[in-house]
2 protein chains.
Amino acid sequence: METAGTTGTAPQAVRAVSRPGLRERKKRRTRYALLRSALELFTTQGYENTTVDEIAEAVDVSQRTFFRYFGGKEDVALAVQEMVEAHFVDSLRARPPGEPPLEALRRAVLEGWDTISDAVGTVVPVELYLRMFRVIESTPVLLAAQLRRSAETEEQIARLLAEREGLDVDADPRPRLAVAVFGAVMRVTSRQWSAVEDAGLEAMRELTAAYLDQVGPALTGNWRTTLRR
Amino acid sequence: METAGTTGTAPQAVRAVSRPGLRERKKRRTRYALLRSALELFTTQGYENTTVDEIAEAVDVSQRTFFRYFGGKEDVALAVQEMVEAHFVDSLRARPPGEPPLEALRRAVLEGWDTISDAVGTVVPVELYLRMFRVIESTPVLLAAQLRRSAETEEQIARLLAEREGLDVDADPRPRLAVAVFGAVMRVTSRQWSAVEDAGLEAMRELTAAYLDQVGPALTGNWRTTLRR
DNA sequence: GAGGCTAATGACAGCCACTGACAATTGACA
DNA sequence: TGTCAATTGTCAGTGGCTGTCATTAGCCTC
């Protein structure tokens, strides 16, 4: 394959189909090395007990270089989570336009969990991601940052759904409300999942489905009359 | 009044009914002075452009003293917000036990807004609180911290409601789900309110009621069929 | 009302996250 | 191969935050 240039002809065009050039490759390698080292340190020693210098040293670059790759310590910690959310948004975009919004959200999320390793596995082992998930959930600063980022993603999704349905987000509150409610359920799910020792991806999937089913009952008023098993 | 000691007899007992003693009074004064100066500076120059030294200097205490009164810069910024949330929890506790949970939440919040000045007014002018509200909403770090704190309050409320209804929070997901959904609506409301220039307390109250009414419609599937005015 | 006790404060010193500026190095491309 | 631009390391500095210790100032007892 790659029947492109025979040497010396349009090297940047060749790059586009073959490889990104040494410089780019090196950069990606450093970035991933920093990311992996950071997560490894965070998950073993804890986030607060890990300094940026330590991370940089583990990859053998200067502290300054670390800050050229990531906006800050929080950013490395949440980098994978960010990829995961982007993955969800992608799988939502892929949903058929006819599908009702909440249905689309539900399916997109469940499908997202099923294909999570496609989005994450190439960068860090999925198992490391899951461990980091718990660290985030149990580290106040990180949880805070994470909640804020989720809020941004929600806004993005609200706009997406509004467009799908031909509504104006600023005039009609329903898209934002629905997405916020959905996000709230997702957060309760994450929290619950992370509280269970050794819970894996399947557990996450099941919890998600179960909790989404419970929202209806939870909102229909009287909790004492219905199931109390 | 105060038929207590005629001098020299059990001064601490007298204190309990009259005043907290010079030391305590002085402390409260410093704390409030720091709080007010901080909010004043935050709302005029912005949170990021204000240093802790500046705040301390405005009250004429050392930076170290500032950190003895508040856990950090974020804490001053969110101190009033914290009082407000406690105020909501209180007004929820005051709800009649027979009331269905979501009904109680709704009424507690609306009532909370009506009596907000009781909870805040004695410490800072309500107007300053409202200005600070917007600063929080538009400052990423503060918004993050605020979201995390809200999550904690939600957990607290979920336990409260569960107890009221005789449920076990860890066995039955419905309390947490309902509270999370409710909280999500509140957040959308706050966000929307803060986006409107010069919106006052009444606007907040109205928005709250309106959005709570919209949740039902927002969740019942098809947005295209229903109102599109 | 003098003196002892303890809480509150100030003054350093130091850690860590983060940033700007400048010089040295190293791919990229002609 | 030499020029150009991107990447990196070094250094210096800011701001949030903490531990430590000496000093000050309410409080309480005799």
# chains A, B, ... in the order shown; residues from 1 in each chain; ligands from 1
$ interface_residues --of "chain D" --to "chain A" --cutoff "12 Å" --atoms "only C-alpha atoms (C1' of nucleotides)" --output "list in words"
DA6, DT7, DT8, DG9, DT10 and DC11 of chain D
$ write_last_selection --atoms "C-alpha atoms (C1' of nucleotides)" --output "PDB file, in the first residue's frame"
ATOM      1  C1'  DA D   6       9.087  24.477  16.735  1.00  0.00           C
ATOM      2  C1'  DT D   7      10.341  22.160  21.227  1.00  0.00           C
ATOM      3  C1'  DT D   8      12.600  22.225  25.249  1.00  0.00           C
ATOM      4  C1'  DG D   9      15.167  23.522  29.578  1.00  0.00           C
ATOM      5  C1'  DT D  10      16.464  27.035  32.860  1.00  0.00           C
ATOM      6  C1'  DC D  11      15.587  30.745  35.726  1.00  0.00           C
TER       7       DC D  11
END
$ residues_around --residues "DC30 in chain D" --least-positions-apart "3" --cutoff "12 Å" --atoms "only C-alpha atoms (C1' of nucleotides)" --output "JSON, numbers by chain"
{"C": [1, 2, 3, 4]}
$ select_by_dssp --residues "range 6-211 of chain A" --states "alpha helix (DSSP H)" --output "ChimeraX atom specification"
/A:11-17,21-45,52-59,63-69,73-93,101-114,116-120,126-138,140-165,174-195,201-211
$ closest_residue --among "A:Thr44, A:Ser150, A:Thr50, A:Thr30" --to "chain C" --atoms "only C-alpha atoms (C1' of nucleotides)"
A:Thr50
$ closest_atom_pairs --of "chain A" --to "chain C" --cutoff "9 Å" --atoms "only C-alpha atoms (C1' of nucleotides)" --output "CSV"
residue,atom,partner,partner_atom,distance
A:Leu22,CA,C:DG27,C1',7.3
A:Arg23,CA,C:DG27,C1',6.0
A:Thr51,CA,C:DC16,C1',7.5
A:Val52,CA,C:DA17,C1',8.0
A:Phe67,CA,C:DC18,C1',8.1
A:Gly72,CA,C:DC18,C1',7.7
A:Lys73,CA,C:DA17,C1',8.0
$ write_last_selection --atoms "N, CA and C atoms" --output "PDB file, in the first residue's frame"
ATOM      1  N   LEU A  22       8.335  12.802  12.359  1.00  0.00           N
ATOM      2  CA  LEU A  22       9.011  12.518  13.629  1.00  0.00           C
ATOM      3  C   LEU A  22       8.583  13.446  14.759  1.00  0.00           C
ATOM      4  N   ARG A  23       8.545  14.732  14.417  1.00  0.00           N
ATOM      5  CA  ARG A  23       8.214  15.725  15.436  1.00  0.00           C
ATOM      6  C   ARG A  23       6.872  15.429  16.100  1.00  0.00           C
ATOM      7  N   THR A  51       3.191  15.269  43.061  1.00  0.00           N
ATOM      8  CA  THR A  51       3.517  16.606  42.569  1.00  0.00           C
ATOM      9  C   THR A  51       3.768  16.559  41.065  1.00  0.00           C
ATOM     10  N   VAL A  52       3.608  17.700  40.452  1.00  0.00           N
ATOM     11  CA  VAL A  52       3.842  17.796  39.017  1.00  0.00           C
ATOM     12  C   VAL A  52       5.290  17.444  38.701  1.00  0.00           C
ATOM     13  N   PHE A  67       3.731  21.514  31.664  1.00  0.00           N
ATOM     14  CA  PHE A  67       2.700  22.532  31.542  1.00  0.00           C
ATOM     15  C   PHE A  67       2.472  22.972  30.101  1.00  0.00           C
ATOM     16  N   GLY A  72      -2.781  21.956  33.368  1.00  0.00           N
ATOM     17  CA  GLY A  72      -2.507  21.897  34.800  1.00  0.00           C
ATOM     18  C   GLY A  72      -2.641  20.478  35.302  1.00  0.00           C
ATOM     19  N   LYS A  73      -2.457  20.316  36.589  1.00  0.00           N
ATOM     20  CA  LYS A  73      -2.500  18.982  37.185  1.00  0.00           C
ATOM     21  C   LYS A  73      -3.889  18.356  37.023  1.00  0.00           C
TER      22      LYS A  73
END
$ interface_residues --of "chain B" --to "chain A" --cutoff "6 Å" --atoms "only C-alpha atoms" --output "ChimeraX atom specification"
/B:144-145,148,174,178,180-181,184,218-219
$ atom_distance --atom1 "CA of Leu35 in chain A" --atom2 "CA of Ser138 in chain A"
19.5 Å
$ atom_distance --atom1 "CA of Thr122 in chain B" --atom2 "CA of Glu85 in chain B"
15.8 Å
$ decode --residues "range 102-191 of chain B" --atoms "C-alpha atoms" --output "mmCIF file, in the first residue's frame"
data_model
loop_
_atom_site.group_PDB
_atom_site.id
_atom_site.type_symbol
_atom_site.label_atom_id
_atom_site.label_comp_id
_atom_site.auth_asym_id
_atom_site.auth_seq_id
_atom_site.Cartn_x
_atom_site.Cartn_y
_atom_site.Cartn_z
ATOM 1 C CA LEU B 102 -41.241 16.401 45.689
ATOM 2 C CA GLU B 103 -44.000 18.641 46.889
ATOM 3 C CA ALA B 104 -42.002 19.349 50.029
ATOM 4 C CA LEU B 105 -38.904 20.156 47.985
ATOM 5 C CA ARG B 106 -40.753 22.509 45.738
ATOM 6 C CA ARG B 107 -42.401 24.384 48.540
ATOM 7 C CA ALA B 108 -39.230 24.502 50.620
ATOM 8 C CA VAL B 109 -37.262 26.079 47.792
ATOM 9 C CA LEU B 110 -39.878 28.644 46.897
ATOM 10 C CA GLU B 111 -40.315 29.538 50.514
ATOM 11 C CA GLY B 112 -36.552 29.658 50.856
ATOM 12 C CA TRP B 113 -36.316 32.350 48.206
ATOM 13 C CA ASP B 114 -39.013 34.365 49.887
ATOM 14 C CA THR B 115 -37.196 34.407 53.185
ATOM 15 C CA ILE B 116 -33.671 34.605 51.849
ATOM 16 C CA SER B 117 -32.932 37.961 53.425
ATOM 17 C CA ASP B 118 -33.549 36.484 56.885
ATOM 18 C CA ALA B 119 -30.716 34.071 56.310
ATOM 19 C CA VAL B 120 -28.317 36.370 54.514
ATOM 20 C CA GLY B 121 -29.249 39.947 55.260
ATOM 21 C CA THR B 122 -27.670 40.056 58.679
ATOM 22 C CA VAL B 123 -24.264 39.136 57.279
ATOM 23 C CA VAL B 124 -24.081 40.814 53.895
ATOM 24 C CA PRO B 125 -26.533 42.963 51.942
ATOM 25 C CA VAL B 126 -28.761 40.754 49.804
ATOM 26 C CA GLU B 127 -27.834 42.781 46.784
ATOM 27 C CA LEU B 128 -24.169 41.917 47.303
ATOM 28 C CA TYR B 129 -25.117 38.270 47.550
ATOM 29 C CA LEU B 130 -26.917 38.429 44.226
ATOM 30 C CA ARG B 131 -23.960 40.114 42.570
ATOM 31 C CA MET B 132 -21.660 37.442 43.977
ATOM 32 C CA PHE B 133 -23.988 34.791 42.641
ATOM 33 C CA ARG B 134 -23.218 35.933 39.133
ATOM 34 C CA VAL B 135 -19.510 36.028 39.795
ATOM 35 C CA ILE B 136 -19.635 32.418 40.936
ATOM 36 C CA GLU B 137 -21.592 31.398 37.872
ATOM 37 C CA SER B 138 -19.086 33.031 35.566
ATOM 38 C CA THR B 139 -15.864 31.980 37.280
ATOM 39 C CA PRO B 140 -14.887 28.412 36.326
ATOM 40 C CA VAL B 141 -13.051 27.509 39.552
ATOM 41 C CA LEU B 142 -15.858 28.845 41.691
ATOM 42 C CA LEU B 143 -18.544 27.193 39.658
ATOM 43 C CA ALA B 144 -16.699 23.905 40.034
ATOM 44 C CA ALA B 145 -16.395 24.214 43.802
ATOM 45 C CA GLN B 146 -19.987 25.280 44.007
ATOM 46 C CA LEU B 147 -21.229 22.290 42.046
ATOM 47 C CA ARG B 148 -19.347 19.981 44.342
ATOM 48 C CA ARG B 149 -20.794 21.579 47.420
ATOM 49 C CA SER B 150 -24.265 21.340 45.952
ATOM 50 C CA ALA B 151 -23.690 17.651 45.427
ATOM 51 C CA GLU B 152 -22.953 17.311 49.113
ATOM 52 C CA THR B 153 -26.088 19.190 50.041
ATOM 53 C CA GLU B 154 -28.053 16.925 47.737
ATOM 54 C CA GLU B 155 -26.746 13.872 49.508
ATOM 55 C CA GLN B 156 -27.809 15.401 52.778
ATOM 56 C CA ILE B 157 -31.278 16.133 51.441
ATOM 57 C CA ALA B 158 -31.612 12.661 50.002
ATOM 58 C CA ARG B 159 -30.952 11.193 53.444
ATOM 59 C CA LEU B 160 -33.424 13.598 54.961
ATOM 60 C CA LEU B 161 -36.201 12.652 52.560
ATOM 61 C CA ALA B 162 -35.416 8.960 52.827
ATOM 62 C CA GLU B 163 -35.769 9.143 56.559
ATOM 63 C CA ARG B 164 -39.018 11.064 56.248
ATOM 64 C CA GLU B 165 -40.413 8.357 54.010
ATOM 65 C CA GLY B 166 -38.929 5.487 55.975
ATOM 66 C CA LEU B 167 -36.580 4.333 53.222
ATOM 67 C CA ASP B 168 -32.955 3.217 53.185
ATOM 68 C CA VAL B 169 -30.914 5.500 50.916
ATOM 69 C CA ASP B 170 -28.431 2.782 50.124
ATOM 70 C CA ALA B 171 -31.000 0.162 49.255
ATOM 71 C CA ASP B 172 -33.505 2.319 47.369
ATOM 72 C CA PRO B 173 -32.106 4.620 44.689
ATOM 73 C CA ARG B 174 -35.256 6.704 44.404
ATOM 74 C CA PRO B 175 -34.456 9.350 47.028
ATOM 75 C CA ARG B 176 -31.061 10.133 45.537
ATOM 76 C CA LEU B 177 -32.456 10.084 42.014
ATOM 77 C CA ALA B 178 -35.331 12.392 42.825
ATOM 78 C CA VAL B 179 -33.106 14.827 44.676
ATOM 79 C CA ALA B 180 -30.524 14.777 41.917
ATOM 80 C CA VAL B 181 -33.191 15.530 39.344
ATOM 81 C CA PHE B 182 -34.525 18.326 41.480
ATOM 82 C CA GLY B 183 -31.049 19.724 41.951
ATOM 83 C CA ALA B 184 -30.447 19.588 38.238
ATOM 84 C CA VAL B 185 -33.507 21.744 37.625
ATOM 85 C CA MET B 186 -32.301 24.184 40.250
ATOM 86 C CA ARG B 187 -28.973 24.457 38.523
ATOM 87 C CA VAL B 188 -30.507 25.140 35.135
ATOM 88 C CA THR B 189 -32.606 27.774 36.845
ATOM 89 C CA SER B 190 -29.631 29.477 38.502
ATOM 90 C CA ARG B 191 -27.727 29.467 35.276
#
